[in-house]
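**Student:** So that you have it, the file is coords31.txt, and it contains compact mmCIF, C-alpha atoms and all ligand atoms:
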# COMPACT_ATOMS: atom_id res chain seq x y z
CA MET A 23 52.29 -5.59 -64.63
CA PRO A 24 52.37 -8.45 -62.21
CA ASP A 25 56.13 -8.58 -62.80
CA LEU A 26 57.49 -8.78 -59.29
CA SER A 27 60.82 -7.03 -59.82
CA ASP A 28 59.05 -3.91 -61.06
CA ARG A 29 56.57 -3.76 -58.25
CA ASN A 30 59.24 -4.46 -55.65
CA LYS A 31 61.23 -1.49 -56.89
CA TYR A 32 58.23 0.81 -56.53
CA GLU A 33 57.31 -0.56 -53.13
CA ALA A 34 60.86 0.02 -51.93
CA ALA A 35 60.76 3.63 -53.12
CA ILE A 36 57.54 4.30 -51.19
CA VAL A 37 58.89 2.60 -48.07
CA VAL A 38 61.94 4.89 -48.02
CA LEU A 39 59.73 7.99 -48.18
CA LEU A 40 57.28 6.68 -45.60
CA LEU A 41 60.01 5.81 -43.13
CA GLN A 42 61.29 9.39 -43.39
CA ALA A 43 57.77 10.67 -42.71
CA PHE A 44 57.33 8.30 -39.76
CA ALA A 45 60.68 9.28 -38.25
CA ALA A 46 59.83 12.98 -38.53
CA PHE A 47 56.49 12.38 -36.82
CA ARG A 48 58.01 10.39 -33.98
CA ALA A 49 60.73 13.00 -33.48
CA GLU A 50 58.32 15.87 -33.10
CA GLY A 51 55.48 14.32 -31.12
CA SER A 52 55.53 16.77 -28.22
CA LEU A 53 52.07 17.62 -26.97
CA ASP A 54 51.93 21.31 -27.85
CA LYS A 55 52.73 20.48 -31.48
CA PHE A 56 50.49 17.45 -31.57
CA GLN A 57 47.88 18.64 -34.07
CA ALA A 58 50.46 20.09 -36.40
CA ALA A 59 52.47 16.88 -36.23
CA TRP A 60 49.46 14.82 -37.29
CA ALA A 61 48.74 17.19 -40.17
CA ARG A 62 52.36 16.96 -41.29
CA LEU A 63 52.27 13.17 -41.06
CA GLN A 64 49.19 13.08 -43.27
CA GLU A 65 50.78 15.44 -45.77
CA ALA A 66 54.03 13.46 -45.86
CA VAL A 67 52.27 10.11 -46.35
CA ALA A 68 50.20 11.58 -49.17
CA ALA A 69 53.36 13.02 -50.72
CA ALA A 70 55.16 9.66 -50.51
CA ILE A 71 52.29 7.96 -52.32
CA ALA A 72 51.96 10.77 -54.86
CA GLU A 73 55.68 10.63 -55.66
CA VAL A 74 55.64 7.03 -56.85
CA ILE A 75 52.09 5.96 -57.67
CA PRO A 76 51.57 7.82 -61.00
CA LYS A 77 54.53 5.88 -62.42
CA VAL A 78 53.01 2.58 -61.31
CA PHE A 79 49.66 3.52 -62.84
CA GLU A 80 51.28 4.54 -66.13
CA ASP A 81 53.56 1.48 -66.26
CA ALA A 82 50.72 -0.92 -65.63
CA ALA A 83 48.65 0.79 -68.31
CA ALA A 84 51.56 0.76 -70.78
CA VAL A 85 52.22 -2.96 -70.29
CA LEU A 86 48.60 -3.94 -70.72
CA GLY A 87 48.17 -1.51 -73.61
CA ALA A 88 51.21 -2.94 -75.41
CA GLU A 89 49.79 -6.45 -75.08
CA HIS A 90 46.79 -5.26 -77.04
CA ASP A 91 48.62 -2.99 -79.50
CA ALA A 92 47.23 0.15 -77.95
CA GLU A 93 49.42 3.10 -77.16
CA SER A 94 47.64 5.44 -74.86
CA ASP A 95 48.53 8.43 -72.78
CA VAL A 96 47.02 7.90 -69.38
CA SER A 97 49.06 10.54 -67.54
CA ALA A 98 46.00 12.73 -66.89
CA GLN A 99 44.11 9.77 -65.44
CA ALA A 100 47.15 8.78 -63.40
CA ALA A 101 47.34 12.28 -61.93
CA ALA A 102 43.63 12.35 -61.12
CA TYR A 103 43.74 8.92 -59.53
CA THR A 104 46.82 9.80 -57.47
CA ALA A 105 45.38 13.07 -56.20
CA THR A 106 42.34 11.34 -54.75
CA ARG A 107 43.92 8.10 -53.67
CA SER A 108 46.93 9.64 -51.90
CA GLN A 109 44.66 11.84 -49.76
CA GLU A 110 42.29 9.01 -48.92
CA SER A 111 45.10 6.64 -48.03
CA ALA A 112 46.99 9.22 -45.99
CA SER A 113 43.94 10.06 -43.91
CA ARG A 114 43.32 6.34 -43.36
CA VAL A 115 46.91 5.95 -42.15
CA VAL A 116 46.49 8.85 -39.73
CA TRP A 117 43.19 7.46 -38.49
CA THR A 118 44.43 3.91 -37.90
CA THR A 119 47.63 5.23 -36.31
CA ALA A 120 45.73 7.51 -33.94
CA LYS A 121 43.44 4.63 -33.03
CA SER A 122 46.35 2.31 -32.23
CA ILE A 123 48.15 4.94 -30.18
CA SER A 124 44.96 5.74 -28.27
CA THR A 125 44.68 2.10 -27.24
CA GLY A 126 48.19 2.18 -25.80
CA THR A 127 50.46 1.02 -28.62
CA PRO A 128 53.59 3.20 -28.72
CA PRO A 129 53.99 5.34 -31.89
CA GLU A 130 57.29 3.67 -32.76
CA GLU A 131 55.52 0.32 -32.90
CA VAL A 132 52.62 1.58 -35.01
CA LEU A 133 54.70 3.61 -37.42
CA GLY A 134 57.51 1.24 -38.28
CA LYS A 135 58.86 -0.72 -41.21
CA GLU A 136 55.98 -3.20 -41.19
CA LYS A 137 53.42 -0.42 -41.57
CA ALA A 138 55.45 1.24 -44.33
CA GLU A 139 55.72 -2.03 -46.24
CA GLN A 140 52.02 -2.71 -45.83
CA ILE A 141 51.06 0.71 -47.19
CA ALA A 142 53.50 0.37 -50.08
CA ALA A 143 52.24 -3.08 -51.09
CA THR A 144 48.60 -2.02 -50.89
CA GLU A 145 49.12 1.21 -52.84
CA VAL A 146 51.14 -0.44 -55.61
CA THR A 147 48.50 -3.15 -56.02
CA ALA A 148 45.71 -0.56 -56.16
CA ALA A 149 47.58 1.57 -58.71
CA ILE A 150 48.21 -1.43 -60.96
CA SER A 151 44.50 -2.28 -60.91
CA ALA A 152 43.54 1.33 -61.61
CA GLY A 153 46.06 1.78 -64.43
CA GLU A 154 44.92 -1.42 -66.10
CA ALA A 155 41.28 -0.47 -65.70
CA ALA A 156 42.04 2.84 -67.42
CA ILE A 157 43.50 1.00 -70.42
CA ALA A 158 40.64 -1.50 -70.47
CA GLY A 159 38.20 1.40 -70.65
CA MET A 160 40.18 3.08 -73.42
CA LEU A 161 40.42 -0.07 -75.53
CA LEU A 162 36.67 -0.38 -75.43
CA VAL A 163 36.11 3.23 -76.41
CA ILE A 164 38.81 3.69 -79.06
CA ALA A 165 39.03 0.21 -80.55
CA ASN A 166 35.85 -1.54 -79.45
CA ILE A 167 37.99 -4.26 -77.91
CA GLN A 168 36.60 -5.71 -74.73
CA ILE A 169 39.18 -7.24 -72.41
CA VAL A 170 37.96 -9.06 -69.34
CA PRO A 171 39.81 -9.51 -66.09
CA THR A 172 40.51 -12.66 -64.06
CA TRP A 173 41.77 -12.47 -60.48
CA HIS A 174 45.18 -13.97 -59.72
CA THR A 175 46.69 -14.53 -56.32
CA GLU A 176 50.38 -14.94 -55.62
CA ARG A 177 49.59 -18.57 -54.80
CA ASP A 178 52.21 -18.72 -52.09
CA LYS A 179 51.84 -19.23 -48.36
CA LYS A 180 51.06 -15.58 -47.80
CA VAL A 181 47.81 -15.76 -49.78
CA CYS A 182 45.08 -15.07 -47.32
CA GLN A 183 41.64 -16.56 -46.82
CA ILE A 184 40.06 -13.54 -48.47
CA CYS A 185 41.93 -13.88 -51.75
CA ALA A 186 42.47 -17.63 -52.11
CA PRO A 187 38.86 -18.29 -53.24
CA LEU A 188 39.07 -15.42 -55.74
CA ASN A 189 41.90 -16.97 -57.74
CA GLY A 190 40.75 -17.56 -61.32
CA THR A 191 37.40 -15.84 -60.89
CA GLY A 192 35.96 -13.06 -63.03
CA ALA A 193 34.46 -9.74 -62.02
CA GLU A 194 31.04 -11.27 -61.38
CA VAL A 195 32.58 -13.22 -58.47
CA TYR A 196 35.47 -11.11 -57.18
CA GLY A 197 33.35 -7.98 -57.60
CA ARG A 198 31.28 -9.02 -54.61
CA VAL A 199 34.43 -8.90 -52.47
CA SER A 200 36.45 -6.14 -54.12
CA PRO A 201 34.65 -4.34 -56.98
CA SER A 202 37.71 -2.44 -58.27
CA GLY A 203 39.92 -5.53 -58.25
CA PRO A 204 42.95 -5.99 -56.01
CA PRO A 205 43.75 -5.05 -53.27
CA ALA A 206 41.05 -6.88 -51.34
CA HIS A 207 42.72 -5.99 -48.05
CA PRO A 208 45.91 -4.30 -46.78
CA ASN A 209 49.04 -6.05 -48.05
CA CYS A 210 47.20 -7.74 -50.93
CA ARG A 211 49.53 -8.42 -53.87
CA CYS A 212 47.00 -10.05 -56.17
CA TRP A 213 46.57 -8.89 -59.76
CA LEU A 214 44.18 -9.16 -62.68
CA ASP A 215 44.93 -10.93 -65.91
CA TYR A 216 43.11 -9.59 -68.97
CA GLU A 217 42.00 -11.46 -72.04
CA VAL A 218 40.01 -10.36 -75.03
CA ALA A 219 36.37 -11.33 -74.58
CA SER A 220 35.24 -14.00 -76.98
ZN ZN B 1 45.11 -10.63 -52.44
Let me see whether you can do it: turn the structure in this file into structure tokens.
Ligand SMILES: [Zn+2]
**Tutor:**
Amino acid sequence: MPDLSDRNKYEAAIVVLLLQAFAAFRAEGSLDKFQAAWARLQEAVAAAIAEVIPKVFEDAAAVLGAEHDAESDVSAQAAAYTATRSQESASRVVWTTAKSISTGTPPEEVLGKEKAEQIAATEVTAAISAGEAAIAGMLLVIANIQIVPTWHTERDKKVCQICAPLNGTGAEVYGRVSPSGPPAHPNCRCWLDYEVAS
């Protein structure tokens, strides 16, 4: 589902939740509660991702499935993906935040709107890739249809040096940079286009 209006809606929903989590963390950062505050930040970031990401996964799967006449229930896979991914991403956020603060950047600068938008964009991109991969796997198993992905960048000014060369390439090329597909880096909004293998 590279449709931008859909992904923007999901990104916005995650941003709202993340900004609440960031504000709570900044409000409570007194030293005696420091450890607990970090733990709560991690939990809240994971919860923000877990709230929205299963829907993105399922939507992406449904769109790709419909294109190939396959109706499939991927809710169990979406839940499993989200459980792992939300924890991994939340601990990465805590780690990078702690690192920035330790080098002197104030918490309000690290945990602001830009960070929230970056996390949201990256997570939505990853969930789209994962949801589509789930459907691609199912099509192969249930219908013996092999669909193969091609990398697509947004092709605007924001496309970075990492992704620009991947545009139009297949897994044998982009896989060397980003084996599971987009995102190749934080803030990546690339997507995969699938076609039936000839
Ligand atoms: Zn990209």
**Student:** Taking only C-alpha atoms and all ligand atoms into account, which residues have an atom no farther than 9 Å from ligand ZN 1 (chain B)? I'd like them as a PDB file with C-alpha atoms, in the coordinates of the input.
**Tutor:**
ATOM      1  CA  THR A 147      48.500  -3.150 -56.020  1.00  0.00           C
ATOM      2  CA  TRP A 173      41.770 -12.470 -60.480  1.00  0.00           C
ATOM      3  CA  HIS A 174      45.180 -13.970 -59.720  1.00  0.00           C
ATOM      4  CA  THR A 175      46.690 -14.530 -56.320  1.00  0.00           C
ATOM      5  CA  GLU A 176      50.380 -14.940 -55.620  1.00  0.00           C
ATOM      6  CA  VAL A 181      47.810 -15.760 -49.780  1.00  0.00           C
ATOM      7  CA  CYS A 182      45.080 -15.070 -47.320  1.00  0.00           C
ATOM      8  CA  GLN A 183      41.640 -16.560 -46.820  1.00  0.00           C
ATOM      9  CA  ILE A 184      40.060 -13.540 -48.470  1.00  0.00           C
ATOM     10  CA  CYS A 185      41.930 -13.880 -51.750  1.00  0.00           C
ATOM     11  CA  ALA A 186      42.470 -17.630 -52.110  1.00  0.00           C
ATOM     12  CA  LEU A 188      39.070 -15.420 -55.740  1.00  0.00           C
ATOM     13  CA  ASN A 189      41.900 -16.970 -57.740  1.00  0.00           C
ATOM     14  CA  PRO A 204      42.950  -5.990 -56.010  1.00  0.00           C
ATOM     15  CA  PRO A 205      43.750  -5.050 -53.270  1.00  0.00           C
ATOM     16  CA  ALA A 206      41.050  -6.880 -51.340  1.00  0.00           C
ATOM     17  CA  HIS A 207      42.720  -5.990 -48.050  1.00  0.00           C
ATOM     18  CA  PRO A 208      45.910  -4.300 -46.780  1.00  0.00           C
ATOM     19  CA  ASN A 209      49.040  -6.050 -48.050  1.00  0.00           C
ATOM     20  CA  CYS A 210      47.200  -7.740 -50.930  1.00  0.00           C
ATOM     21  CA  ARG A 211      49.530  -8.420 -53.870  1.00  0.00           C
ATOM     22  CA  CYS A 212      47.000 -10.050 -56.170  1.00  0.00           C
ATOM     23  CA  TRP A 213      46.570  -8.890 -59.760  1.00  0.00           C
TER      24      TRP A 213
END
**Student:** What's the 12 Å shell around Ala101 in chain A, counting only C-alpha atoms, without same-chain residues fewer than 5 positions away, as a list in words?
**Tutor:**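 Contacts, with the query itself left out: Ile71, Ala72, Glu73, Val74, Ile75, Pro76, Lys77, Val78, Phe79, Glu80, Asp95, Val96, Thr106, Arg107, Ser108, Ala149, Ala152 and Gly153 of chain A.
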**Student:** Could you tell me how far CA of Ala68 in chain A sits from CA of Gln140 in chain A, in Å to one decimal place?
**Tutor:** 14.8 Å
**Student:** Which one is closest to Val116 in chain A: A:Glu65, A:Asp28, A:Glu136, A:Glu145? Count all atoms listed in the file.
**Tutor:**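 Of the candidates, the smallest distance to Val116 in chain A is held by A:Glu65.
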**Student:** Please, what distance in Å, to one decimal, runs between CA of Ser113 in chain A and CA of Leu214 in chain A?
**Tutor:**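 Taking CA of Ser113 in chain A and CA of Leu214 in chain A, their separation equals 26.9 Å.
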**Student:** Using all atoms listed in the file, find the one residue out of A:Val218, A:Leu133, A:Ala155, A:Ala102 that sits nearest to His90 in chain A.
**Tutor:**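 Residue with the minimum atom-to-atom distance to His90 in chain A: A:Val218.
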**Student:** Write out as JSON an axis-aligned box for range 80-89 of chain A: all of its atoms listed in the file, 8 Å added on each side, centre and edge lengths in Å with one decimal.
**Tutor:**
{"center_x": 50.9, "center_y": -1.0, "center_z": -70.5, "size_x": 21.4, "size_y": 27.0, "size_z": 25.8}
**Student:** Could you check which of A:Ser27, A:Ile167, A:Ser124, A:Ala156 is closest to Gln99 in chain A, using all atoms listed in the file?
**Tutor:**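 Closest candidate: A:Ala156.
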**Student:** State, in Å with one decimal place, the distance from CA of Ala92 in chain A to CA of Met160 in chain A.
**Tutor:** 8.9 Å
**Student:** Write out as a list in words the residues lying within 8 Å of range 32-49 of chain A, counting only C-alpha atoms and excluding same-chain residues fewer than 3 positions away.
**Tutor:**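 Everything that qualifies: Asp28, Arg29, Ala59, Trp60, Arg62, Leu63, Ala66, Val67, Ala70, Ile71, Glu73, Val74, Val78, Pro129, Glu130, Leu133, Gly134, Lys135, Ala138, Glu139, Ala142, Ala143 and Val146 of chain A.
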**Student:** Identify, on the basis of all atoms listed in the file, every residue whose closest approach to Leu161 in chain A does not exceed 10 Å; exclude the query and any residue fewer than 2 positions from it along the same chain; express the result as a VMD selection string.
**Tutor:** chain A and resid 87 90 to 94 155 to 159 163 to 169
**Student:** Could you check which of A:Gly197, A:Ala83, A:Pro171, A:Ala120 is closest to Ala61 in chain A, using all atoms listed in the file?
**Tutor:**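 Among the listed residues, the smallest separation from Ala61 in chain A belongs to A:Ala120.
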**Student:** Using all atoms listed in the file, which of the listed residues (A:Ala98, A:Asp81, A:Asn30, A:Ala112) sits closest to Gln64 in chain A?
**Tutor:**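 That would be A:Ala112, the residue with the smallest distance to Gln64 in chain A.
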**Student:** Which of these residues is nearest to Val170 in chain A, using only C-alpha atoms: A:Val195, A:Glu89, A:Ser97, A:Asp215?
**Tutor:**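 For Val170 in chain A, the nearest of the candidates is A:Asp215.
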